[in-house]
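**Student:** Sharing data-v5.txt (compact mmCIF, C-alpha atoms and all ligand atoms) below.
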```
# COMPACT_ATOMS: atom_id res chain seq x y z
CA MET A 1302 22.38 -8.16 -0.26
CA LEU A 1303 20.11 -11.01 -1.22
CA SER A 1304 21.33 -13.46 -3.78
CA ARG A 1305 20.23 -12.83 -7.32
CA LEU A 1306 17.74 -15.22 -8.81
CA SER A 1307 18.96 -17.22 -11.78
CA ALA A 1308 17.16 -16.90 -15.12
CA GLU A 1309 15.52 -20.25 -14.38
CA GLU A 1310 14.32 -19.13 -10.98
CA LEU A 1311 12.99 -15.90 -12.44
CA ALA A 1312 11.04 -17.89 -15.02
CA SER A 1313 9.53 -20.06 -12.29
CA VAL A 1314 8.25 -17.03 -10.36
CA TYR A 1315 6.02 -15.80 -13.15
CA ASP A 1316 3.87 -18.12 -15.22
CA LYS A 1317 2.05 -15.92 -17.66
CA SER A 1318 -0.28 -18.70 -18.82
CA LYS A 1319 -2.04 -18.73 -15.43
CA GLU A 1320 -3.36 -15.23 -16.03
CA LYS A 1321 -5.55 -16.34 -18.89
CA MET A 1322 -6.85 -19.58 -17.40
CA PRO A 1323 -10.46 -20.31 -18.30
CA PRO A 1324 -12.61 -18.81 -15.53
CA LYS A 1325 -13.93 -22.19 -14.34
CA ASP A 1326 -10.40 -23.61 -14.03
CA ARG A 1327 -9.28 -20.47 -12.29
CA GLU A 1328 -12.09 -20.77 -9.77
CA ARG A 1329 -11.43 -24.45 -9.14
CA ARG A 1330 -7.71 -23.87 -8.64
CA LEU A 1331 -8.35 -20.93 -6.32
CA ASN A 1332 -10.77 -22.95 -4.18
CA GLU A 1333 -8.35 -25.87 -3.93
CA ARG A 1334 -5.49 -23.65 -2.92
CA LEU A 1335 -7.70 -21.79 -0.46
CA SER A 1336 -8.80 -24.90 1.41
CA GLU A 1337 -5.19 -26.07 1.67
CA GLN A 1338 -4.13 -22.63 2.84
CA VAL A 1339 -6.80 -22.39 5.54
CA GLN A 1340 -5.79 -25.82 6.84
CA PHE A 1341 -2.13 -24.72 6.87
CA ALA A 1342 -2.95 -21.45 8.64
CA TYR A 1343 -5.12 -23.25 11.20
CA ASN A 1344 -2.32 -25.69 12.00
CA ASN A 1345 0.49 -23.16 12.13
CA ALA A 1346 -0.82 -19.75 13.16
CA PRO A 1347 -2.46 -19.79 16.61
CA ALA A 1348 -4.46 -16.62 15.90
CA VAL A 1349 -6.06 -18.22 12.84
CA LYS A 1350 -6.92 -21.32 14.87
CA GLU A 1351 -8.53 -19.14 17.49
CA LYS A 1352 -10.46 -17.20 14.85
CA LEU A 1353 -11.93 -20.36 13.33
CA ASP A 1354 -12.59 -22.03 16.68
CA LYS A 1355 -14.41 -18.94 17.96
CA ALA A 1356 -16.58 -18.89 14.86
CA GLY A 1357 -17.30 -22.61 15.27
CA VAL A 1358 -15.82 -23.27 11.83
CA SER A 1359 -13.53 -26.15 11.05
CA PRO A 1360 -10.84 -25.66 8.37
CA SER A 1361 -12.56 -28.34 6.31
CA ASP A 1362 -15.66 -26.10 6.18
CA ILE A 1363 -13.76 -23.66 3.96
CA ARG A 1364 -13.75 -25.21 0.51
CA THR A 1365 -14.62 -22.22 -1.63
CA VAL A 1366 -14.15 -18.46 -1.63
CA LYS A 1367 -17.85 -18.16 -0.80
CA ASP A 1368 -17.28 -20.26 2.35
CA LEU A 1369 -15.02 -17.52 3.69
CA GLU A 1370 -18.21 -15.66 4.59
CA LYS A 1371 -18.50 -18.06 7.54
CA LEU A 1372 -15.56 -16.25 9.13
CA PRO A 1373 -15.51 -12.75 10.55
CA VAL A 1374 -13.29 -10.10 8.96
CA THR A 1375 -10.26 -9.14 11.06
CA THR A 1376 -9.94 -5.36 10.88
CA LYS A 1377 -6.67 -3.49 10.89
CA ASP A 1378 -7.58 -2.19 14.35
CA GLU A 1379 -8.06 -5.71 15.61
CA LEU A 1380 -4.75 -6.75 14.13
CA VAL A 1381 -3.04 -3.87 15.95
CA LYS A 1382 -4.69 -4.95 19.21
CA LEU A 1383 -3.78 -8.61 18.70
CA GLN A 1384 -0.18 -7.64 18.03
CA GLN A 1385 -0.09 -5.41 21.09
CA SER A 1386 -1.46 -8.06 23.40
CA ASN A 1387 0.70 -10.78 21.90
CA PRO A 1388 3.76 -9.14 20.34
CA PRO A 1389 5.15 -9.06 17.82
CA PHE A 1390 2.76 -10.74 15.37
CA GLY A 1391 -0.36 -11.41 17.41
CA GLY A 1392 -0.25 -15.15 16.76
CA PHE A 1393 -0.31 -14.86 12.97
CA LEU A 1394 3.30 -15.85 12.38
CA ALA A 1395 3.46 -19.38 10.99
CA ALA A 1396 7.25 -19.66 10.75
CA PRO A 1397 10.08 -19.13 13.26
CA LEU A 1398 10.70 -15.43 13.80
CA ASN A 1399 14.35 -15.74 12.83
CA SER A 1400 13.40 -17.29 9.49
CA LEU A 1401 12.10 -13.89 8.37
CA ASN A 1402 14.48 -11.83 6.32
CA ARG A 1403 12.97 -8.51 7.43
CA ILE A 1404 10.69 -7.27 10.16
CA TYR A 1405 9.27 -3.82 9.53
CA ALA A 1406 7.40 -1.48 11.84
CA SER A 1407 4.68 0.45 10.05
CA PRO A 1408 2.49 3.19 11.44
CA GLY A 1409 -0.39 1.64 13.32
CA PRO A 1410 1.85 0.68 15.04
CA ILE A 1411 2.05 -2.63 13.29
CA TYR A 1412 4.78 -5.19 12.69
CA ASP A 1413 5.12 -6.57 9.19
CA ALA A 1414 6.66 -10.01 8.66
CA PHE A 1415 8.53 -10.25 5.38
CA GLY A 1416 10.05 -13.44 4.06
CA LEU A 1417 11.32 -14.47 0.68
CA GLU A 1418 7.80 -15.22 -0.51
CA ARG A 1419 6.97 -11.52 -0.41
CA ILE A 1420 10.04 -10.77 -2.47
CA ARG A 1421 9.11 -13.42 -5.03
CA SER A 1422 5.62 -12.00 -5.23
CA ARG A 1423 6.91 -8.51 -6.01
CA VAL A 1424 9.41 -9.94 -8.47
CA ARG A 1425 6.42 -11.49 -10.23
CA GLY A 1426 4.76 -8.09 -10.40
CA PHE A 1427 7.84 -6.55 -12.01
CA LEU A 1428 8.21 -9.40 -14.46
CA ARG A 1429 4.58 -9.03 -15.42
CA SER A 1430 4.89 -5.34 -16.10
CA GLY A 1431 8.09 -5.96 -18.06
CA TRP A 1432 10.25 -3.61 -16.05
CA PRO A 1433 12.58 -3.03 -14.40
CA LYS A 1434 14.72 -5.66 -16.06
CA PRO A 1435 17.96 -7.24 -14.89
CA GLY A 1436 20.67 -4.71 -15.63
CA ASP A 1437 18.52 -1.66 -15.03
CA VAL A 1438 19.90 1.09 -12.80
CA VAL A 1439 17.08 2.00 -10.45
CA LEU A 1440 16.80 4.98 -8.15
CA VAL A 1441 14.68 4.02 -5.14
CA SER A 1442 13.07 7.15 -3.72
CA THR A 1443 10.88 5.74 -0.99
CA ALA A 1444 11.48 5.71 2.76
CA TYR A 1445 14.16 3.36 4.07
CA HIS A 1446 13.35 3.85 7.71
CA MET A 1447 11.35 1.11 9.44
CA VAL A 1448 8.55 0.80 6.87
CA PRO A 1449 8.56 -1.79 4.09
CA ALA A 1450 9.14 0.63 1.22
CA GLY A 1451 12.71 1.41 0.18
CA LEU A 1452 14.45 -1.58 1.69
CA PHE A 1453 11.83 -4.00 0.44
CA LEU A 1454 12.10 -2.68 -3.12
CA THR A 1455 15.86 -2.90 -2.82
CA ASP A 1456 15.58 -6.56 -1.82
CA VAL A 1457 13.34 -7.22 -4.80
CA LEU A 1458 15.61 -5.38 -7.24
CA ASP A 1459 18.64 -7.22 -5.85
CA ALA A 1460 16.91 -10.53 -6.45
CA MET A 1461 16.16 -9.44 -10.02
CA GLY A 1462 19.68 -8.39 -10.81
CA CYS A 1463 19.22 -4.63 -10.98
CA THR A 1464 21.63 -2.01 -9.70
CA VAL A 1465 20.03 0.00 -6.91
CA VAL A 1466 20.64 3.61 -5.95
CA PRO A 1467 19.12 3.83 -2.47
CA ALA A 1468 18.10 7.47 -2.44
CA GLY A 1469 15.28 7.52 0.14
CA ILE A 1470 12.95 10.46 0.41
CA GLY A 1471 13.57 14.19 -0.03
CA GLN A 1472 16.58 16.09 -1.40
CA THR A 1473 15.00 16.58 -4.80
CA GLU A 1474 17.99 18.28 -6.43
CA LEU A 1475 20.42 15.62 -5.28
CA GLN A 1476 18.14 12.87 -6.54
CA LEU A 1477 17.91 14.63 -9.85
CA LYS A 1478 21.70 14.75 -10.05
CA LEU A 1479 21.87 11.03 -9.28
CA LEU A 1480 19.31 10.24 -11.96
CA HIS A 1481 21.29 12.30 -14.44
CA ASP A 1482 24.86 11.30 -13.55
CA LEU A 1483 24.09 7.59 -13.22
CA GLN A 1484 21.77 7.63 -16.24
CA ALA A 1485 19.31 5.64 -14.17
CA THR A 1486 16.66 3.84 -16.17
CA ALA A 1487 13.94 3.81 -13.54
CA ILE A 1488 12.74 5.70 -10.52
CA LEU A 1489 10.68 3.94 -7.92
CA GLY A 1490 9.09 6.59 -5.78
CA TYR A 1491 5.67 7.81 -4.84
CA PRO A 1492 4.18 9.32 -7.97
CA SER A 1493 3.87 12.79 -6.49
CA PHE A 1494 7.56 12.82 -5.64
CA VAL A 1495 8.51 11.56 -9.08
CA MET A 1496 6.48 14.41 -10.53
CA THR A 1497 8.30 16.86 -8.27
CA VAL A 1498 11.64 15.56 -9.50
CA LEU A 1499 10.60 15.82 -13.15
CA LYS A 1500 9.31 19.36 -12.67
CA LYS A 1501 12.55 20.30 -10.94
CA ALA A 1502 14.51 18.95 -13.89
CA GLU A 1503 12.56 21.23 -16.21
CA GLU A 1504 13.02 24.20 -13.91
CA MET A 1505 16.76 23.61 -14.09
CA GLY A 1506 16.66 23.69 -17.85
CA TYR A 1507 16.82 19.99 -18.59
CA ASP A 1508 14.81 18.20 -21.23
CA VAL A 1509 13.85 14.98 -19.47
CA ARG A 1510 13.64 12.91 -22.65
CA ARG A 1511 16.94 14.17 -24.01
CA ASP A 1512 19.10 14.54 -20.93
CA PHE A 1513 18.01 11.54 -18.92
CA ASN A 1514 17.81 7.84 -19.54
CA ILE A 1515 14.77 7.28 -17.37
CA ARG A 1516 12.10 5.06 -18.89
CA TYR A 1517 10.03 3.71 -16.04
CA ALA A 1518 8.29 5.05 -12.98
CA MET A 1519 6.37 3.27 -10.29
CA GLY A 1520 2.74 4.13 -9.80
CA ALA A 1521 2.04 2.66 -6.41
CA GLY A 1522 1.53 4.02 -2.94
CA GLU A 1523 -0.81 6.83 -3.79
CA ARG A 1524 -4.33 6.83 -5.04
CA HIS A 1525 -4.31 9.64 -7.50
CA ILE A 1526 -1.86 7.95 -9.84
CA GLN A 1527 -4.46 7.93 -12.59
CA MET A 1528 -4.27 11.69 -12.73
CA LEU A 1529 -0.51 11.62 -13.06
CA ARG A 1530 -0.23 8.61 -15.29
CA LYS A 1531 -1.16 10.42 -18.48
CA THR A 1532 1.37 13.14 -17.76
CA PHE A 1533 4.12 10.60 -17.07
CA GLU A 1534 3.34 8.73 -20.24
CA GLU A 1535 2.55 11.53 -22.64
CA ASP A 1536 4.81 14.34 -21.45
CA TYR A 1537 7.83 12.31 -20.40
CA GLY A 1538 7.52 9.05 -22.32
CA LEU A 1539 7.68 6.98 -19.14
CA MET A 1540 6.17 3.58 -18.69
CA VAL A 1541 4.11 3.42 -15.53
CA SER A 1542 2.76 0.36 -13.84
CA GLY A 1543 0.18 0.70 -11.18
CA GLY A 1544 -1.27 -1.60 -8.63
CA TYR A 1545 -3.18 -1.77 -5.42
CA GLY A 1546 -1.69 -3.26 -2.30
CA THR A 1547 -1.17 -2.76 1.41
CA SER A 1548 1.84 -3.40 3.60
CA ASP A 1549 -0.07 -6.15 5.42
CA LEU A 1550 -1.15 -8.05 2.33
CA GLY A 1551 1.38 -7.07 -0.30
CA GLU A 1552 0.17 -6.65 -3.85
CA VAL A 1553 -3.55 -7.36 -3.97
CA ALA A 1554 -4.33 -6.35 -7.53
CA TYR A 1555 -2.41 -5.08 -10.55
CA GLU A 1556 -3.14 -2.99 -13.54
CA CYS A 1557 -2.91 -4.60 -16.97
CA GLU A 1558 -1.66 -2.74 -19.99
CA LEU A 1559 -5.18 -1.54 -20.79
CA GLY A 1560 -5.56 0.35 -17.54
CA GLN A 1561 -9.16 -0.70 -17.05
CA GLY A 1562 -9.05 -1.56 -13.38
CA TYR A 1563 -6.86 -3.81 -11.28
CA HIS A 1564 -6.84 -7.57 -11.78
CA TYR A 1565 -6.86 -9.59 -8.57
CA GLU A 1566 -3.41 -11.01 -7.85
CA ASP A 1567 -4.82 -14.41 -6.94
CA GLU A 1568 -1.46 -16.17 -6.93
CA ASP A 1569 -0.82 -14.46 -3.59
CA CYS A 1570 -4.17 -13.61 -2.18
CA VAL A 1571 -7.88 -14.40 -2.26
CA VAL A 1572 -9.63 -11.08 -2.74
CA GLU A 1573 -13.18 -10.46 -1.61
CA ILE A 1574 -15.20 -7.25 -1.69
CA VAL A 1575 -17.56 -7.42 1.26
CA ASP A 1576 -20.30 -5.45 2.94
CA PRO A 1577 -18.47 -4.04 5.99
CA SER A 1578 -21.53 -4.41 8.22
CA THR A 1579 -22.34 -8.05 7.42
CA GLY A 1580 -19.10 -9.48 6.03
CA LYS A 1581 -21.06 -10.91 3.07
CA GLN A 1582 -19.59 -10.63 -0.40
CA VAL A 1583 -21.18 -7.93 -2.53
CA GLY A 1584 -22.02 -8.22 -6.22
CA PRO A 1585 -20.22 -6.64 -9.16
CA HIS A 1586 -20.21 -2.83 -9.16
CA GLU A 1587 -21.46 -2.67 -5.57
CA VAL A 1588 -19.29 -0.90 -3.03
CA GLY A 1589 -17.63 -2.92 -0.29
CA GLU A 1590 -14.44 -3.32 1.71
CA VAL A 1591 -11.44 -5.06 0.16
CA VAL A 1592 -10.70 -8.17 2.22
CA GLY A 1593 -7.72 -10.44 1.62
CA THR A 1594 -6.71 -13.96 2.60
CA LEU A 1595 -3.03 -14.60 1.94
CA PHE A 1596 -1.48 -17.67 0.38
CA SER A 1597 1.38 -17.41 2.80
CA LYS A 1598 3.47 -19.91 4.67
CA VAL A 1599 4.88 -17.11 6.78
CA TYR A 1600 2.14 -14.69 7.78
CA PRO A 1601 -1.14 -16.29 6.75
CA LEU A 1602 -3.72 -13.61 7.36
CA VAL A 1603 -7.24 -14.96 6.84
CA ARG A 1604 -10.02 -12.55 5.92
CA PHE A 1605 -8.06 -9.42 6.71
CA GLY A 1606 -9.98 -6.19 6.12
CA THR A 1607 -7.93 -3.45 4.46
CA GLY A 1608 -10.33 -0.67 5.37
CA ASP A 1609 -10.34 0.35 1.69
CA LEU A 1610 -13.62 0.63 -0.13
CA ALA A 1611 -13.85 -0.55 -3.71
CA SER A 1612 -16.06 -2.13 -6.34
CA TYR A 1613 -15.23 -4.92 -8.77
CA THR A 1614 -16.27 -6.44 -12.05
CA ASP A 1615 -16.02 -10.00 -13.32
CA GLU A 1616 -16.70 -9.02 -16.92
CA PRO A 1617 -13.99 -10.27 -19.26
CA CYS A 1618 -11.15 -7.80 -19.72
CA PRO A 1619 -10.11 -7.20 -23.33
CA CYS A 1620 -6.54 -8.08 -22.29
CA GLY A 1621 -7.66 -11.70 -21.95
CA ARG A 1622 -6.80 -12.08 -18.28
CA THR A 1623 -9.56 -13.84 -16.41
CA ALA A 1624 -9.05 -12.63 -12.83
CA PRO A 1625 -11.81 -10.22 -11.76
CA ARG A 1626 -10.90 -6.56 -11.54
CA ILE A 1627 -11.19 -3.93 -8.87
CA THR A 1628 -12.78 -1.14 -10.85
CA ARG A 1629 -12.24 1.70 -8.44
CA ILE A 1630 -10.83 2.38 -5.01
CA LEU A 1631 -13.42 4.62 -3.48
CA GLY A 1632 -12.06 5.75 -0.17
CA MET A 1633 -11.46 4.39 3.28
CA LEU A 1634 -13.57 2.91 5.97
CA GLY A 1635 -13.37 3.78 9.62
CA GLU A 1636 -11.04 5.91 11.58
CA HIS A 1637 -7.93 5.95 9.50
CA ILE A 1638 -6.64 7.51 6.34
CA ARG A 1639 -3.87 6.88 3.89
CA VAL A 1640 -1.95 9.97 2.96
CA LYS A 1641 1.43 10.47 1.29
CA ALA A 1642 1.65 6.69 1.10
CA MET A 1643 1.41 6.41 4.89
CA PHE A 1644 -1.35 5.02 6.99
CA VAL A 1645 -2.57 7.14 9.91
CA HIS A 1646 -5.07 6.04 12.49
CA GLN A 1647 -7.15 8.53 14.40
CA ARG A 1648 -5.75 7.04 17.58
CA GLU A 1649 -2.27 8.09 16.47
CA LEU A 1650 -3.38 11.61 15.79
CA ASP A 1651 -5.04 11.66 19.23
CA GLU A 1652 -1.89 10.30 20.80
CA ALA A 1653 0.26 12.94 19.12
CA MET A 1654 -2.08 15.75 20.13
CA SER A 1655 -2.52 14.50 23.71
CA GLN A 1656 0.77 16.26 24.51
CA PHE A 1657 -0.79 19.62 23.75
CA PRO A 1658 -3.41 20.44 26.36
CA GLU A 1659 -3.45 23.98 24.94
CA VAL A 1660 -5.07 22.53 21.81
CA PRO A 1661 -8.45 21.15 22.85
CA LYS A 1662 -9.78 20.58 19.34
CA TYR A 1663 -8.05 19.65 16.11
CA GLN A 1664 -8.91 18.39 12.70
CA MET A 1665 -6.74 17.06 9.89
CA VAL A 1666 -7.86 18.11 6.41
CA LEU A 1667 -6.51 16.33 3.34
CA ARG A 1668 -6.49 17.91 -0.08
CA LEU A 1669 -5.00 17.33 -3.45
CA GLU A 1670 -2.97 20.28 -4.60
CA GLU A 1671 -1.92 19.83 -8.21
CA HIS A 1672 -0.62 16.29 -7.94
CA ARG A 1673 0.26 16.17 -4.30
CA ASP A 1674 -1.39 15.22 -1.04
CA ARG A 1675 -1.50 18.21 1.28
CA ILE A 1676 -2.19 18.01 5.00
CA THR A 1677 -3.58 20.92 6.93
CA LEU A 1678 -4.07 20.63 10.65
CA ASN A 1679 -6.75 22.95 11.99
CA ILE A 1680 -6.27 23.64 15.66
CA GLU A 1681 -8.13 25.74 18.19
CA VAL A 1682 -5.99 27.71 20.62
CA GLU A 1683 -6.18 30.53 23.13
CA PRO A 1684 -5.09 33.91 21.79
CA GLY A 1685 -1.49 34.96 22.45
CA ILE A 1686 0.09 31.57 22.04
CA ASP A 1687 3.55 31.31 20.43
CA ARG A 1688 2.44 29.92 17.08
CA GLN A 1689 5.84 29.09 15.68
CA ALA A 1690 6.95 27.19 18.76
CA LEU A 1691 3.67 25.30 18.91
CA SER A 1692 3.78 24.46 15.20
CA ASP A 1693 7.32 23.13 15.52
CA ALA A 1694 6.41 21.04 18.54
CA ILE A 1695 3.32 19.60 16.86
CA ASN A 1696 5.26 18.70 13.75
CA LYS A 1697 7.99 17.04 15.72
CA ARG A 1698 5.46 15.07 17.70
CA CYS A 1699 3.47 14.00 14.60
CA GLN A 1700 6.67 12.89 12.95
CA ASP A 1701 7.55 10.81 16.00
CA VAL A 1702 4.14 9.17 16.26
CA PHE A 1703 3.10 8.64 12.65
CA LYS A 1704 6.03 9.79 10.56
CA LEU A 1705 4.38 12.73 8.84
CA ARG A 1706 4.68 16.49 9.08
CA MET A 1707 1.83 18.89 8.46
CA ASP A 1708 2.08 21.07 5.37
CA LYS A 1709 0.17 23.76 7.15
CA ILE A 1710 -1.10 24.38 10.65
CA GLU A 1711 -4.11 26.64 10.73
CA PHE A 1712 -4.82 28.47 13.99
CA LEU A 1713 -8.49 28.91 14.72
CA ALA A 1714 -10.21 30.84 17.47
CA LYS A 1715 -11.97 28.74 20.08
CA GLY A 1716 -15.44 27.60 19.12
CA ILE A 1717 -14.94 27.42 15.37
CA LEU A 1718 -14.72 23.64 15.19
CA PRO A 1719 -17.88 21.82 16.24
CA GLU A 1720 -17.85 20.04 19.60
CA ASP A 1721 -17.77 16.54 18.07
CA CYS A 1722 -15.77 17.54 15.00
CA GLN A 1723 -14.53 14.90 12.60
CA LYS A 1724 -10.82 14.35 13.14
CA PHE A 1725 -10.16 13.55 9.49
CA VAL A 1726 -11.70 15.41 6.57
CA ASP A 1727 -10.62 13.93 3.28
CA THR A 1728 -11.52 16.08 0.28
CA ARG A 1729 -9.39 14.07 -2.18
CA TRP A 1730 -12.18 11.79 -3.30
CA SER A 1731 -14.77 14.37 -4.19
ZN ZN A 1801 -6.88 -6.61 -18.26
```
Reformat the file's structure so that it appears as structure tokens.

**Tutor:**
Amino acid sequence: MLSRLSAEELASVYDKSKEKMPPKDRERRLNERLSEQVQFAYNNAPAVKEKLDKAGVSPSDIRTVKDLEKLPVTTKDELVKLQQSNPPFGGFLAAPLNSLNRIYASPGPIYDAFGLERIRSRVRGFLRSGWPKPGDVVLVSTAYHMVPAGLFLTDVLDAMGCTVVPAGIGQTELQLKLLHDLQATAILGYPSFVMTVLKKAEEMGYDVRRDFNIRYAMGAGERHIQMLRKTFEEDYGLMVSGGYGTSDLGEVAYECELGQGYHYEDEDCVVEIVDPSTGKQVGPHEVGEVVGTLFSKVYPLVRFGTGDLASYTDEPCPCGRTAPRITRILGMLGEHIRVKAMFVHQRELDEAMSQFPEVPKYQMVLRLEEHRDRITLNIEVEPGIDRQALSDAINKRCQDVFKLRMDKIEFLAKGILPEDCQKFVDTRWS
């Protein structure tokens, strides 16, 4: 267990006044911190040095956020390749490996370097949203295995002085019992799972408001939170805080109490929205890729492309915060998808399916069903194949390679899927 932060330390993590800095001051401060950060990254992370040297850019050339355009965007694919050719961190680690408190392995496959700064950053997010508070009993219902979900949240809650119930994923009825018996005040889980738990409670005859003590739910990890948010708030009286982040960058943007987009978390990260083909920053309300440069002394990614498409606005928010806002996340770029809070690359699907020569063509279709992500795998097979055995084998293999099972495997006759069929069809955005 990590040591709990004192009240003083907690206060130092979150300085509310910075959120409403006059825009000019905010810009100046951001630019100053950015130029220092780029110099630090250049001196301490060999991959950043190489990136700048290759582009013929000196760290002193980066004085403003606009100057970042001089550097190419490093895509997630490139990061995976850099890590594979130079494991574990591809030259981006700027601190001794054994100074990290956690190393996670996310689908990609990709290693994530987590130090105390990431914990402090998340603590700030919780303090900003006002929950959970020290003394809360929190059920953590995200995966504890390898990926930075359950264990990371546990670290953060430990630091804050909460009591954690490490429940992990699945076993809805047992989790419900824990929530009830322990009178937990919060559940941190993917929104669709939280909804499943709440529905289960009703099915079992409970009145969630009367029989439980739960007041907060996390709204991160899935993109359709907005659809669920109203239900959480209105039907169950839960407070929900949402945000946008990735496991590589951490929290990139957070929702204020007005729910009108996500304010850039510029204490931790310089956010740009860029044209994926040119790397140039786009204007307000134009669509581009979310690109982040971390203020990190541990893993200082510079111009890292998330693969997520979004638009932003710099119009003042009625809440008074002056950081620009991501207005909408609009989908994903390239050959990967995010589903059930996991990240799957087409290469991983190909790798999983390469073990099944009897399946020459396949296609993963993503849908929203009520509030949940649903994955259907369409496969073409010869007639007479043992469908159950093949389904089991495919699911086992997919779980091994990218940690997800299919909700449904649809058997198609040969020739139904086009020759160059898209491997991912995502209907959740339409
Ligand atoms: Zn706001």

**Student:** Write out, as a tab-separated table, each residue of chain A that has an atom at most 8 Å from ligand ZN 1801 (chain A), together with the closest pair of atoms and their distance in Å to one decimal, counting all atoms listed in the file, rows going by chain and rising number.

**Tutor:**
```
residue	atom	partner	partner_atom	distance
A:Glu1556	CA	A:ZN1801	ZN	7.0
A:Cys1557	CA	A:ZN1801	ZN	4.6
A:Glu1558	CA	A:ZN1801	ZN	6.7
A:Leu1559	CA	A:ZN1801	ZN	5.9
A:Gly1560	CA	A:ZN1801	ZN	7.1
A:Gln1561	CA	A:ZN1801	ZN	6.4
A:Gly1562	CA	A:ZN1801	ZN	7.4
A:Tyr1563	CA	A:ZN1801	ZN	7.5
A:His1564	CA	A:ZN1801	ZN	6.6
A:Cys1618	CA	A:ZN1801	ZN	4.7
A:Pro1619	CA	A:ZN1801	ZN	6.0
A:Cys1620	CA	A:ZN1801	ZN	4.3
A:Gly1621	CA	A:ZN1801	ZN	6.3
A:Arg1622	CA	A:ZN1801	ZN	5.5
A:Thr1623	CA	A:ZN1801	ZN	7.9
A:Arg1626	CA	A:ZN1801	ZN	7.8
```

**Student:** What gap, in Å, lies between atom CA of Pro1577 of chain A and atom CA of Gly1589 of chain A?

**Tutor:**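 Answer for the atom CA of Pro1577 of chain A to atom CA of Gly1589 of chain A separation: 6.4 Å.
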
**Student:** I need every residue sitting at most 9 Å from the point (14.2, -1.8, -16.6) (coordinates as in the file, only C-alpha atoms considered), written as a VMD selection string.

**Tutor:** chain A and resid 1431 to 1439 1463 1486 to 1487 1516 to 1517

**Student:** Could you name the residues that touch Tyr1663 of chain A at 12 Å or less, counting only C-alpha atoms, but leaving out those on the same chain fewer than 2 positions away, as a VMD selection string?

**Tutor:** chain A and resid 1647 1650 to 1651 1653 to 1655 1657 to 1661 1665 to 1666 1677 to 1682 1695 1710 to 1726

**Student:** Counting only C-alpha atoms, what is within 10 Å of Thr1375 of chain A, bar same-chain residues fewer than 3 positions away, as a ChimeraX atom specification?

**Tutor:** /A:1352,1372,1378-1380,1592-1593,1602-1607

**Student:** Which residue out of A:Ser1578, A:Thr1532, A:Lys1704, A:Lys1319 has the minimum interatomic distance to Ala1444 of chain A when all atoms listed in the file are used?

**Tutor:**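 Nearest to Ala1444 of chain A: A:Lys1704.
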
**Student:** Tell me which of A:Met1447, A:Ala1485, A:Val1541, A:Leu1331 sits closest to Asn1514 of chain A, counting all atoms listed in the file.

**Tutor:** A:Ala1485

**Student:** Using only C-alpha atoms, which of A:Glu1333, A:Glu1418, A:Asp1536, A:Glu1351 sits nearest Arg1364 of chain A?

**Tutor:**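 Closest to Arg1364 of chain A, using only C-alpha atoms: A:Glu1333.
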
**Student:** Quick one: distance from atom CA of Thr1614 of chain A to atom CA of Val1553 of chain A in Å, one decimal?

**Tutor:**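 For atom CA of Thr1614 of chain A relative to atom CA of Val1553 of chain A, the distance reads 15.1 Å.
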
**Student:** What gap, in Å, lies between atom CA of Pro1410 of chain A and atom CA of Val1381 of chain A?

**Tutor:**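 So the answer is 6.7 Å.
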
**Student:** How would segment 1313-1330 of chain A look written as a compact mmCIF listing (two decimals), in the first residue's frame with C-alpha atoms?

**Tutor:**
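New file decode-v3.txt:
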```txt
# COMPACT_ATOMS: atom_id res chain seq x y z
CA SER A 1313 -0.62 21.06 -2.76
CA VAL A 1314 -1.74 18.64 -5.48
CA TYR A 1315 -4.75 20.68 -6.50
CA ASP A 1316 -4.65 24.44 -6.85
CA LYS A 1317 -8.11 25.46 -7.91
CA SER A 1318 -7.08 29.04 -8.71
CA LYS A 1319 -5.02 27.87 -11.70
CA GLU A 1320 -8.16 26.71 -13.47
CA LYS A 1321 -9.48 30.23 -13.82
CA MET A 1322 -6.25 31.97 -14.76
CA PRO A 1323 -6.72 34.75 -17.29
CA PRO A 1324 -6.25 33.20 -20.74
CA LYS A 1325 -3.10 35.22 -21.53
CA ASP A 1326 -1.44 34.17 -18.26
CA ARG A 1327 -2.49 30.61 -18.86
CA GLU A 1328 -0.92 30.65 -22.31
CA ARG A 1329 2.30 32.22 -21.07
CA ARG A 1330 2.63 29.72 -18.23
```
